[in-house]
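K.L.:
Just work29.cif, nothing more (mmCIF, C-alpha atoms):
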```
data_target
loop_
_atom_site.label_atom_id
_atom_site.label_comp_id
_atom_site.auth_asym_id
_atom_site.auth_seq_id
_atom_site.Cartn_x
_atom_site.Cartn_y
_atom_site.Cartn_z
CA MET A 1 60.01 54.93 205.64
CA THR A 2 58.90 58.36 204.52
CA THR A 3 55.55 59.32 203.05
CA PHE A 4 55.03 61.25 199.84
CA HIS A 5 52.72 64.23 200.34
CA ALA A 6 51.77 65.45 196.88
CA ASP A 7 50.45 68.83 198.06
CA LEU A 8 53.62 69.56 200.03
CA ALA A 9 55.79 68.58 197.08
CA ARG A 10 54.14 71.33 195.04
CA ARG A 11 55.11 74.08 197.46
CA SER A 12 58.10 76.23 196.57
CA VAL A 13 60.57 77.17 199.28
CA PRO A 14 64.20 78.33 199.21
CA ARG A 15 67.23 76.23 199.98
CA TYR A 16 68.02 78.53 202.93
CA THR A 17 71.72 78.87 202.31
CA SER A 18 71.18 82.36 203.70
CA TYR A 19 68.58 84.33 205.59
CA PRO A 20 67.20 86.63 204.32
CA THR A 21 67.16 84.65 201.09
CA ALA A 22 68.51 85.87 197.76
CA ASP A 23 65.07 86.72 196.39
CA ARG A 24 64.89 89.45 199.05
CA PHE A 25 68.17 91.13 198.12
CA SER A 26 67.81 94.74 196.98
CA ALA A 27 70.00 97.41 195.39
CA SER A 28 69.72 99.47 198.58
CA VAL A 29 72.69 97.42 199.82
CA GLY A 30 75.86 97.71 197.76
CA ALA A 31 79.57 98.47 197.65
CA ASP A 32 79.51 101.02 200.50
CA ASP A 33 77.89 98.47 202.81
CA GLN A 34 80.42 95.90 201.62
CA ARG A 35 83.32 98.21 202.47
CA ALA A 36 81.94 99.05 205.91
CA ALA A 37 81.39 95.38 206.71
CA LEU A 38 84.91 94.41 205.66
CA GLN A 39 86.42 97.19 207.74
CA GLY A 40 84.32 96.18 210.73
CA ILE A 41 85.66 92.63 211.01
CA ASP A 42 87.73 92.16 214.16
CA PRO A 43 91.37 91.09 213.69
CA GLY A 44 91.77 87.34 213.93
CA THR A 45 88.16 86.57 212.99
CA PRO A 46 88.11 83.34 210.95
CA VAL A 47 87.06 84.07 207.36
CA SER A 48 86.15 81.64 204.59
CA PHE A 49 86.69 82.75 200.99
CA TYR A 50 84.65 81.68 197.98
CA VAL A 51 86.06 82.43 194.50
CA HIS A 52 83.64 82.25 191.58
CA VAL A 53 84.79 81.33 188.06
CA PRO A 54 81.85 82.10 185.71
CA TYR A 55 83.13 80.22 182.65
CA CYS A 56 82.79 76.72 181.26
CA HIS A 57 84.23 74.93 178.22
CA GLU A 58 80.70 73.84 177.35
CA ILE A 59 77.34 74.57 178.90
CA CYS A 60 75.28 71.86 180.62
CA TRP A 61 71.59 72.34 179.94
CA TYR A 62 70.44 71.70 183.52
CA CYS A 63 72.75 74.30 185.07
CA GLY A 64 71.32 77.28 186.95
CA CYS A 65 74.68 78.80 187.89
CA ASN A 66 76.04 82.15 186.74
CA THR A 67 78.31 80.91 183.96
CA GLY A 68 78.90 81.16 180.22
CA ALA A 69 81.05 79.64 177.51
CA ILE A 70 84.70 80.71 177.56
CA GLY A 71 84.83 81.82 173.94
CA ARG A 72 87.97 83.91 173.55
CA ALA A 73 90.93 82.72 175.59
CA ASP A 74 91.74 86.25 176.74
CA ARG A 75 88.40 86.45 178.58
CA LEU A 76 89.80 84.15 181.26
CA LEU A 77 92.99 86.20 181.60
CA ASP A 78 91.00 89.42 181.88
CA TYR A 79 88.80 87.88 184.52
CA VAL A 80 91.75 86.62 186.57
CA GLY A 81 93.21 90.12 186.49
CA ALA A 82 89.99 91.42 187.99
CA LEU A 83 90.02 88.72 190.67
CA GLU A 84 93.57 89.67 191.62
CA ALA A 85 92.55 93.32 191.90
CA GLU A 86 89.56 92.44 194.08
CA ILE A 87 91.70 90.25 196.35
CA ASP A 88 94.15 93.12 196.84
CA THR A 89 91.36 95.62 197.60
CA VAL A 90 89.69 93.31 200.11
CA ALA A 91 93.07 92.62 201.74
CA GLY A 92 93.50 96.35 202.31
CA LEU A 93 90.20 96.50 204.21
CA LEU A 94 89.95 93.17 206.03
CA SER A 95 91.74 92.18 209.23
CA GLY A 96 90.25 88.69 209.49
CA GLN A 97 92.21 85.45 209.41
CA LEU A 98 92.03 83.16 206.39
CA ALA A 99 90.32 79.91 207.41
CA ALA A 100 89.39 78.22 204.11
CA ILE A 101 89.31 78.75 200.34
CA HIS A 102 86.70 77.42 197.92
CA PHE A 103 86.72 77.69 194.12
CA GLY A 104 83.36 77.22 192.42
CA GLY A 105 81.63 78.09 189.21
CA GLY A 106 81.13 77.59 186.44
CA THR A 107 84.22 75.51 186.03
CA PRO A 108 87.26 76.44 188.14
CA ASN A 109 89.39 73.97 186.18
CA ALA A 110 88.69 76.07 183.11
CA LEU A 111 91.63 78.06 184.49
CA PRO A 112 95.14 76.76 183.80
CA ALA A 113 96.52 74.96 186.83
CA ALA A 114 99.29 77.53 187.23
CA THR A 115 96.73 80.35 187.24
CA LEU A 116 94.62 78.62 189.87
CA ALA A 117 97.76 78.01 191.95
CA GLY A 118 98.63 81.69 191.65
CA LEU A 119 95.25 82.73 193.02
CA ILE A 120 95.62 80.32 195.94
CA ASP A 121 99.06 81.74 196.72
CA ARG A 122 97.77 85.30 196.45
CA LEU A 123 94.96 84.64 198.91
CA LYS A 124 97.26 82.96 201.39
CA SER A 125 99.91 85.67 201.22
CA ARG A 126 97.47 88.60 201.37
CA PHE A 127 95.64 87.23 204.39
CA GLY A 128 98.58 86.05 206.48
CA ARG A 129 98.22 82.30 206.13
CA ILE A 130 101.21 80.76 204.41
CA ALA A 131 100.78 77.47 206.29
CA THR A 132 98.26 74.81 205.30
CA VAL A 133 94.65 75.93 205.00
CA PRO A 134 91.79 73.86 203.54
CA VAL A 135 91.41 74.56 199.81
CA SER A 136 88.60 72.98 197.80
CA VAL A 137 88.05 73.12 194.04
CA GLU A 138 85.03 72.07 191.97
CA ILE A 139 86.09 69.91 189.01
CA ASP A 140 84.43 69.20 185.67
CA PRO A 141 85.79 65.70 184.89
CA ARG A 142 85.49 66.26 181.12
CA HIS A 143 88.29 68.82 181.11
CA CYS A 144 90.83 67.50 183.57
CA ASP A 145 93.67 64.99 183.73
CA GLY A 146 96.13 63.56 186.21
CA ALA A 147 98.80 66.19 185.53
CA TYR A 148 96.30 68.95 186.34
CA LEU A 149 95.39 67.28 189.64
CA GLU A 150 99.04 66.85 190.56
CA ALA A 151 99.55 70.56 189.99
CA LEU A 152 96.60 71.34 192.25
CA ALA A 153 98.00 69.09 194.96
CA ASP A 154 101.32 70.92 194.73
CA ALA A 155 99.42 74.21 195.09
CA GLY A 156 97.89 73.06 198.38
CA VAL A 157 94.44 71.87 197.29
CA THR A 158 93.05 69.52 199.93
CA ARG A 159 89.58 68.65 198.59
CA LEU A 160 88.09 68.09 195.14
CA SER A 161 84.40 68.14 194.32
CA PHE A 162 83.65 66.23 191.13
CA GLY A 163 80.52 67.19 189.22
CA VAL A 164 79.38 63.63 188.54
CA GLN A 165 75.61 64.35 188.34
CA THR A 166 74.80 60.88 186.91
CA PHE A 167 76.60 57.85 185.50
CA ALA A 168 73.66 56.93 183.24
CA GLU A 169 74.93 57.78 179.75
CA ALA A 170 71.45 58.17 178.25
CA VAL A 171 70.66 60.79 180.88
CA GLN A 172 74.05 62.46 180.36
CA ARG A 173 73.21 62.97 176.69
CA ARG A 174 69.89 64.59 177.61
CA ILE A 175 71.66 67.22 179.74
CA ASN A 176 74.69 67.76 177.46
CA ARG A 177 77.18 66.36 179.94
CA VAL A 178 78.68 63.11 178.70
CA GLN A 179 81.44 61.82 180.99
CA PRO A 180 81.98 58.05 181.17
CA HIS A 181 82.36 56.32 184.51
CA ARG A 182 85.90 55.26 183.60
CA GLN A 183 86.87 58.92 183.18
CA VAL A 184 85.69 59.84 186.67
CA ALA A 185 87.23 56.70 188.17
CA ALA A 186 90.62 57.53 186.62
CA LEU A 187 90.52 61.07 188.04
CA VAL A 188 89.59 59.85 191.52
CA ALA A 189 92.56 57.47 191.44
CA ALA A 190 94.83 60.24 190.14
CA ALA A 191 93.69 62.65 192.85
CA ARG A 192 94.41 60.14 195.59
CA GLY A 193 97.73 59.28 193.99
CA ALA A 194 98.62 62.97 194.06
CA GLY A 195 97.83 63.16 197.77
CA ILE A 196 94.42 64.86 197.66
CA ALA A 197 92.65 62.69 200.19
CA SER A 198 89.21 64.31 200.41
CA ILE A 199 86.87 63.65 197.48
CA ASN A 200 83.27 64.83 197.04
CA PHE A 201 80.73 63.84 194.39
CA ASP A 202 77.84 66.07 193.39
CA LEU A 203 74.87 64.04 192.12
CA LEU A 204 71.52 65.06 190.65
CA TYR A 205 68.13 63.40 190.63
CA GLY A 206 64.96 64.42 188.81
CA LEU A 207 66.83 64.72 185.50
CA PRO A 208 65.19 64.18 182.10
CA GLY A 209 64.64 60.51 181.36
CA GLN A 210 66.18 59.49 184.67
CA THR A 211 64.71 56.35 186.20
CA LEU A 212 64.97 54.74 189.60
CA GLU A 213 67.23 52.13 187.99
CA ASP A 214 69.53 54.94 186.81
CA ILE A 215 69.70 56.25 190.36
CA GLU A 216 70.50 52.81 191.74
CA GLU A 217 73.30 52.36 189.18
CA THR A 218 74.81 55.78 189.86
CA ILE A 219 74.77 55.27 193.62
CA ALA A 220 76.31 51.79 193.33
CA LEU A 221 79.11 53.06 191.07
CA SER A 222 79.68 56.05 193.33
CA ILE A 223 79.94 53.91 196.45
CA ALA A 224 82.47 51.68 194.68
CA LEU A 225 84.68 54.72 194.03
CA GLY A 226 84.51 55.59 197.73
CA PRO A 227 84.13 59.39 197.84
CA ASP A 228 84.35 60.84 201.33
CA ARG A 229 81.27 62.97 200.74
CA ILE A 230 78.29 62.94 198.41
CA ALA A 231 75.83 65.76 197.86
CA ALA A 232 72.56 64.80 196.14
CA PHE A 233 70.56 67.70 194.72
CA GLY A 234 67.20 67.75 192.98
CA TYR A 235 67.04 69.32 189.54
CA ALA A 236 64.65 72.30 189.36
CA HIS A 237 63.34 72.95 185.87
CA LEU A 238 62.87 76.70 185.37
CA PRO A 239 63.16 77.28 181.62
CA ARG A 240 61.51 80.71 181.72
CA ALA A 241 64.21 82.02 184.06
CA ILE A 242 67.11 79.91 182.72
CA PRO A 243 67.09 79.84 178.90
CA ARG A 244 69.56 76.95 178.55
CA GLN A 245 67.05 74.68 180.28
CA ARG A 246 64.77 75.07 177.27
CA MET A 247 66.97 72.45 175.63
CA ILE A 248 65.50 69.92 178.07
CA ASP A 249 62.23 68.24 177.14
CA THR A 250 59.80 69.02 179.94
CA GLU A 251 57.76 65.90 179.15
CA SER A 252 60.80 63.71 179.88
CA LEU A 253 61.16 64.88 183.48
CA PRO A 254 60.19 62.53 186.33
CA ASP A 255 57.02 63.53 188.13
CA ALA A 256 57.00 64.58 191.78
CA ALA A 257 56.32 61.07 193.09
CA SER A 258 59.20 59.66 191.03
CA ARG A 259 61.53 62.39 192.27
CA PHE A 260 60.57 61.54 195.83
CA ALA A 261 61.32 57.86 195.22
CA GLN A 262 64.69 58.75 193.69
CA SER A 263 65.62 60.93 196.66
CA ALA A 264 64.54 58.24 199.11
CA ALA A 265 66.57 55.59 197.26
CA ILE A 266 69.70 57.76 197.41
CA HIS A 267 69.28 58.19 201.14
CA GLU A 268 68.60 54.51 201.81
CA ARG A 269 71.49 53.20 199.70
CA LEU A 270 74.07 55.60 201.04
CA VAL A 271 73.10 55.12 204.67
CA ALA A 272 73.14 51.34 204.16
CA ALA A 273 76.67 51.71 202.75
CA GLY A 274 77.83 53.42 205.94
CA TYR A 275 77.50 57.09 205.03
CA TRP A 276 76.11 59.50 207.60
CA ALA A 277 73.13 61.56 206.44
CA ILE A 278 74.11 65.21 206.88
CA GLY A 279 71.28 67.71 206.90
CA PHE A 280 68.84 66.87 204.12
CA ASP A 281 71.06 66.46 201.05
CA HIS A 282 74.64 65.65 202.09
CA PHE A 283 76.25 62.35 203.07
CA ALA A 284 79.68 61.71 204.55
CA ARG A 285 81.77 58.82 205.77
CA PRO A 286 81.81 58.62 209.59
CA GLY A 287 85.46 59.70 209.80
CA ASP A 288 85.01 62.72 207.53
CA ILE A 289 85.23 66.08 209.27
CA LEU A 290 81.74 66.98 208.03
CA ALA A 291 80.25 63.93 209.78
CA ILE A 292 82.28 64.68 212.90
CA ALA A 293 80.99 68.27 212.91
CA ALA A 294 77.41 66.99 212.56
CA ARG A 295 77.81 64.54 215.44
CA HIS A 296 79.10 67.29 217.74
CA GLY A 297 76.59 69.97 216.77
CA ARG A 298 79.13 72.06 214.87
CA LEU A 299 77.63 71.75 211.40
CA ARG A 300 77.05 75.07 209.61
CA ARG A 301 75.18 76.12 206.48
CA ASN A 302 76.18 78.83 204.02
CA PHE A 303 76.17 79.49 200.28
CA GLN A 304 78.30 76.40 199.67
CA GLY A 305 75.77 74.21 201.47
CA PHE A 306 76.50 72.27 204.65
CA THR A 307 80.01 72.83 205.98
CA ASP A 308 82.25 72.03 208.93
CA GLU A 309 83.76 75.53 208.89
CA ASP A 310 82.83 77.60 211.92
CA CYS A 311 82.93 80.95 210.14
CA ASP A 312 80.38 83.73 210.59
CA VAL A 313 82.09 85.65 207.78
CA VAL A 314 82.23 84.36 204.20
CA ILE A 315 83.82 86.59 201.55
CA GLY A 316 82.70 86.05 197.97
CA LEU A 317 85.13 87.04 195.23
CA GLY A 318 84.21 87.26 191.56
CA ALA A 319 81.13 88.05 189.53
CA SER A 320 77.84 87.23 191.36
CA ALA A 321 79.72 85.92 194.44
CA ILE A 322 78.00 86.54 197.78
CA SER A 323 79.63 87.77 200.98
CA GLN A 324 77.95 87.09 204.29
CA PHE A 325 78.57 89.05 207.49
CA PRO A 326 76.73 88.82 210.80
CA ASP A 327 74.69 91.95 210.10
CA ARG A 328 74.46 92.01 206.28
CA ILE A 329 74.74 90.07 203.04
CA VAL A 330 76.22 91.59 199.87
CA GLN A 331 76.25 90.09 196.38
CA ASN A 332 78.71 91.18 193.72
CA GLU A 333 77.67 92.47 190.32
CA LYS A 334 76.54 89.51 188.21
CA HIS A 335 77.56 90.86 184.79
CA VAL A 336 81.24 90.06 184.26
CA GLY A 337 81.97 93.30 182.39
CA HIS A 338 80.39 95.44 185.11
CA TYR A 339 82.17 93.42 187.78
CA ARG A 340 85.55 94.00 186.11
CA SER A 341 84.90 97.73 185.75
CA ALA A 342 84.08 97.99 189.46
CA VAL A 343 87.13 96.17 190.83
CA LEU A 344 89.86 97.15 188.37
CA GLY A 345 89.65 100.74 189.58
CA GLY A 346 90.30 99.68 193.17
CA GLY A 347 86.64 99.54 194.14
CA LEU A 348 84.28 96.84 195.30
CA ALA A 349 81.60 95.14 193.20
CA GLY A 350 78.72 94.85 195.68
CA ALA A 351 75.48 95.43 193.77
CA LYS A 352 72.67 94.19 196.01
CA GLY A 353 72.05 92.48 199.30
CA ALA A 354 70.24 92.66 202.63
CA VAL A 355 70.78 94.16 206.06
CA ARG A 356 70.11 91.72 208.91
CA ASP A 357 68.49 93.19 211.99
CA GLU A 358 68.16 91.40 215.32
CA GLN A 359 64.98 89.63 214.21
CA ASP A 360 66.62 88.44 210.99
CA ARG A 361 69.60 87.08 212.90
CA LEU A 362 67.32 85.25 215.31
CA ARG A 363 65.39 83.63 212.46
CA ALA A 364 68.61 82.87 210.58
CA ALA A 365 69.98 81.02 213.61
CA LEU A 366 66.74 79.04 214.04
CA ILE A 367 66.69 77.98 210.40
CA GLU A 368 70.39 77.07 210.35
CA ARG A 369 70.27 74.97 213.50
CA LEU A 370 67.06 73.25 212.42
CA LEU A 371 68.51 72.29 209.03
CA CYS A 372 71.90 71.33 210.47
CA ASP A 373 70.85 69.52 213.66
CA GLY A 374 67.30 68.46 212.86
CA SER A 375 66.07 70.18 216.02
CA VAL A 376 66.23 73.58 217.67
CA ASP A 377 65.34 75.30 220.92
CA LEU A 378 62.49 77.73 220.35
CA PRO A 379 62.56 81.29 221.69
CA ALA A 380 59.65 82.81 223.51
CA ARG A 381 56.83 83.28 221.03
CA ASP A 382 56.63 87.01 221.60
CA ARG A 383 60.28 87.33 220.51
CA LEU A 384 59.65 85.66 217.19
CA GLY A 385 56.19 86.92 216.31
CA GLY A 386 54.39 86.12 213.08
CA PRO A 387 52.23 83.12 212.14
CA TRP A 388 54.98 80.52 212.41
CA ALA A 389 53.14 78.39 214.99
CA GLU A 390 50.05 78.15 212.81
CA GLN A 391 52.08 77.20 209.74
CA LEU A 392 54.03 74.63 211.72
CA ALA A 393 50.91 73.00 213.18
CA GLU A 394 49.95 71.45 209.85
CA LEU A 395 53.35 69.77 209.50
CA VAL A 396 53.27 68.57 213.10
CA ASP A 397 49.80 67.09 212.54
CA ARG A 398 51.20 65.08 209.62
CA GLY A 399 53.94 63.65 211.80
CA LEU A 400 56.75 65.51 210.02
CA ALA A 401 57.84 67.38 213.14
CA ARG A 402 57.43 67.30 216.91
CA CYS A 403 56.98 70.53 218.81
CA ASP A 404 56.47 71.62 222.38
CA ASP A 405 56.84 75.01 224.00
CA ALA A 406 60.61 74.75 224.17
CA ARG A 407 61.84 72.57 221.31
CA LEU A 408 61.12 71.65 217.70
CA ALA A 409 62.45 68.46 216.10
CA ILE A 410 62.14 67.08 212.57
CA THR A 411 60.97 63.47 212.64
CA PRO A 412 62.60 60.80 210.44
CA SER A 413 59.61 60.94 208.08
CA GLY A 414 59.93 64.72 207.96
CA ARG A 415 63.51 64.78 206.71
CA PRO A 416 62.59 65.22 203.02
CA TYR A 417 60.42 68.18 204.06
CA ALA A 418 63.05 69.91 206.21
CA ARG A 419 63.01 73.10 204.15
CA LEU A 420 59.23 73.34 204.41
CA ILE A 421 59.52 73.12 208.18
CA ALA A 422 62.28 75.74 208.20
CA ALA A 423 60.12 78.02 206.02
CA CYS A 424 57.69 78.41 208.92
CA PHE A 425 60.26 80.78 210.47
CA ASP A 426 60.66 82.86 207.32
CA ASP A 427 58.69 86.01 208.11
CA ALA A 428 58.61 87.13 204.47
CA ARG A 429 57.14 83.92 203.13
CA THR A 430 53.65 82.52 203.15
CA VAL A 431 52.71 79.31 201.39
CA ARG A 432 53.10 80.07 197.68
CA GLN A 433 51.45 78.68 194.60
CA PRO A 434 53.23 75.67 193.07
CA ALA A 435 56.46 76.66 191.32
CA ALA A 436 59.34 74.25 191.93
CA PRO A 437 59.36 71.05 193.99
CA ALA A 438 60.29 71.58 197.61
CA LEU A 439 61.80 68.15 198.20
CA SER A 440 65.46 68.12 199.18
CA ALA A 441 67.82 70.76 197.73
CA ASP A 442 66.52 71.83 194.35
CA ILE A 443 69.14 73.67 192.34
CA ALA A 444 68.32 76.97 190.65
CA THR A 445 65.88 77.98 193.39
CA PRO A 446 66.40 81.08 195.56
CA ALA A 447 69.16 80.73 198.11
#
```
Write the structure described by the file as structure tokens, please.
P.N.:
Amino acid sequence: MTTFHADLARRSVPRYTSYPTADRFSASVGADDQRAALQGIDPGTPVSFYVHVPYCHEICWYCGCNTGAIGRADRLLDYVGALEAEIDTVAGLLSGQLAAIHFGGGTPNALPAATLAGLIDRLKSRFGRIATVPVSVEIDPRHCDGAYLEALADAGVTRLSFGVQTFAEAVQRRINRVQPHRQVAALVAAARGAGIASINFDLLYGLPGQTLEDIEETIALSIALGPDRIAAFGYAHLPRAIPRQRMIDTESLPDAASRFAQSAAIHERLVAAGYWAIGFDHFARPGDILAIAARHGRLRRNFQGFTDEDCDVVIGLGASAISQFPDRIVQNEKHVGHYRSAVLGGGLAGAKGAVRDEQDRLRAALIERLLCDGSVDLPARDRLGGPWAEQLAELVDRGLARCDDARLAITPSGRPYARLIAACFDDARTVRQPAAPALSADIATPA
């Protein structure tokens, strides 16, 4: 059993999908750094690609992603043209080997299936990988059918991630995302019938009006559908920064203690059903490659969350997409119009980012291994510097972590506070005033 610490729940820390985190990106890093990094990749280096589609048929009020309503149909076509141009430019600079493709958003299935298939084919042909390569696509169940999924299977898609969020219809109405259980169930069956064997569900807790009973129902229905993976994220309510969230009644949100109970219930029910707990917010069936990677110490963490892909290079394509290299991180221009202007002329769209020196890379490795493995070997204290030991001592005293001179381990009761423990190694961060809950993986918080 885990203990709820109200003061810790009020502390705001990043999700640590990168280090340095996105709130430290600056305009001093841009397209020139992006070009140099791409040209510096050794031939044969495995590279994972993330393609961002910043459009949705309708906007969900909880969403903190860079996305907007489609509006005119030609906006999608114009955007795809820019993606194609960026792919071609990157291909002229990069010698790495395509290892995986991910489509996220927004809503990737806002694109016609043939268009999505064309982008997959373009990536494979430009980066010398005509044979099978893992391809995953995020799916909004409200705008998809069996024919679409069959087309994706024919295009080589190997994994689908369904944005389920919740099966409680009253909660769905509060977040402007109504999608009946039967609709999701039909798509899961259609995907498996089409030969797409790997299915992921994204779930949310801490939503307006959401109760522990709603969580229990959603988890039970999810288990019955048998997804291979489940990611359970906490909703972070930031209406000042994300205007669409102003449609959500703040008074209807569960308090911190209720959120904690919801997160704990998700963990308990999924583990009892045979899922492996991966990191602090993912779950996978024992035979899934993500669980296998976790068992063998090969789990990684990047902007897509926990992953089995052993890639030090991730190339982000599209508006706001982030590329990560060993020595730097570069984020594309967020504004779609500015992004298109940058890439249609044969250029790159990098607009901000961070350079990672030796100290950054050391801290990045510590944070990644701690979050992925639950433990990490500590370097000599004079190598790391900073007040990390003092910050960590409080969490050790509460029984959330164990630490000696050589190794740090998160205890079972410390699992919900994993990011707080990792934050001790963030040299740019001291304990901040309350902002967003730090429990599990709150969406819309700095990466």
K.L.:
So that I can check the surroundings of Gly106 (chain A), please list as an NGL selection string every protein, DNA and RNA residue that reaches within 12 Å of it, counting all atoms listed in the file and ignoring chain neighbours fewer than 3 positions away.
P.N.:
:A and (51-60 or 63-70 or 103 or 109-111 or 137-140 or 163 or 318-321)
K.L.:
Could you list, as a PyMOL selection string, every residue matched by the PyMOL selection byres ((chain A and resi 142) around 9) in this structure?
P.N.:
chain A and resi 139-141+143-145+177-180+183-184
K.L.:
Would you mind exporting the chosen residues as a PDB file, in the frame of the given file, restricted to C-alpha atoms?
P.N.:
```pdb
ATOM      1  CA  ILE A 139      86.090  69.910 189.010  1.00  0.00           C
ATOM      2  CA  ASP A 140      84.430  69.200 185.670  1.00  0.00           C
ATOM      3  CA  PRO A 141      85.790  65.700 184.890  1.00  0.00           C
ATOM      4  CA  HIS A 143      88.290  68.820 181.110  1.00  0.00           C
ATOM      5  CA  CYS A 144      90.830  67.500 183.570  1.00  0.00           C
ATOM      6  CA  ASP A 145      93.670  64.990 183.730  1.00  0.00           C
ATOM      7  CA  ARG A 177      77.180  66.360 179.940  1.00  0.00           C
ATOM      8  CA  VAL A 178      78.680  63.110 178.700  1.00  0.00           C
ATOM      9  CA  GLN A 179      81.440  61.820 180.990  1.00  0.00           C
ATOM     10  CA  PRO A 180      81.980  58.050 181.170  1.00  0.00           C
ATOM     11  CA  GLN A 183      86.870  58.920 183.180  1.00  0.00           C
ATOM     12  CA  VAL A 184      85.690  59.840 186.670  1.00  0.00           C
TER      13      VAL A 184
END
```
K.L.:
Separation of CA of Leu119 (chain A) and CA of Arg300 (chain A), in Å?
P.N.:
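Rounded to one decimal, the two atoms are 25.8 Å apart.
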K.L.:
Excluding Leu38 (chain A) and its own-chain neighbours fewer than 2 positions away, which residues fall within 12 Å of it when counting all atoms listed in the file? Please give them as JSON, numbers by chain.
P.N.:
{"A": [31, 32, 33, 34, 35, 36, 40, 41, 42, 43, 45, 47, 89, 90, 91, 92, 93, 94, 95, 96, 313, 314, 315, 316, 323, 324, 325, 326, 327, 328, 329, 330, 348, 350]}
K.L.:
Taking the file as shown, what set of residues would the PyMOL selection byres ((chain A and resi 411) around 10) give back, as a CSV table (one decimal) with C-alpha atoms, keeping the file's coordinate frame?
P.N.:
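Okay, this is what ended up in part-v2.csv:
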```csv
chain,number,residue,atom,x,y,z
A,2,THR,CA,58.9,58.4,204.5
A,374,GLY,CA,67.3,68.5,212.9
A,375,SER,CA,66.1,70.2,216.0
A,396,VAL,CA,53.3,68.6,213.1
A,399,GLY,CA,53.9,63.6,211.8
A,400,LEU,CA,56.8,65.5,210.0
A,401,ALA,CA,57.8,67.4,213.1
A,402,ARG,CA,57.4,67.3,216.9
A,408,LEU,CA,61.1,71.6,217.7
A,409,ALA,CA,62.4,68.5,216.1
A,410,ILE,CA,62.1,67.1,212.6
A,412,PRO,CA,62.6,60.8,210.4
A,413,SER,CA,59.6,60.9,208.1
A,414,GLY,CA,59.9,64.7,208.0
A,415,ARG,CA,63.5,64.8,206.7
A,416,PRO,CA,62.6,65.2,203.0
A,417,TYR,CA,60.4,68.2,204.1
A,418,ALA,CA,63.0,69.9,206.2
```
K.L.:
With distances taken over all atoms listed in the file, which of A:Asp78, A:Asp23, A:Glu368, A:Glu216 is nearest to Tyr339 (chain A)?
P.N.:
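Smallest distance to Tyr339 (chain A) is found for A:Asp78.
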K.L.:
What's around region 219-235 of chain A at 9 Å? Count all atoms listed in the file, leave out sequence neighbours fewer than 4 positions away in its own chain, and write the answer as a PyMOL selection string.
P.N.:
chain A and resi 62-63+161+164-167+181+185+188-189+197-207+214-215+259+263+265-267+269-270+273+275+281-288+290+437+439-444
K.L.:
Considering all atoms listed in the file, state which residue in the set A:Phe25, A:Arg363, A:Asn176, A:Val135 is at the smallest distance from Arg159 (chain A).
P.N.:
A:Val135
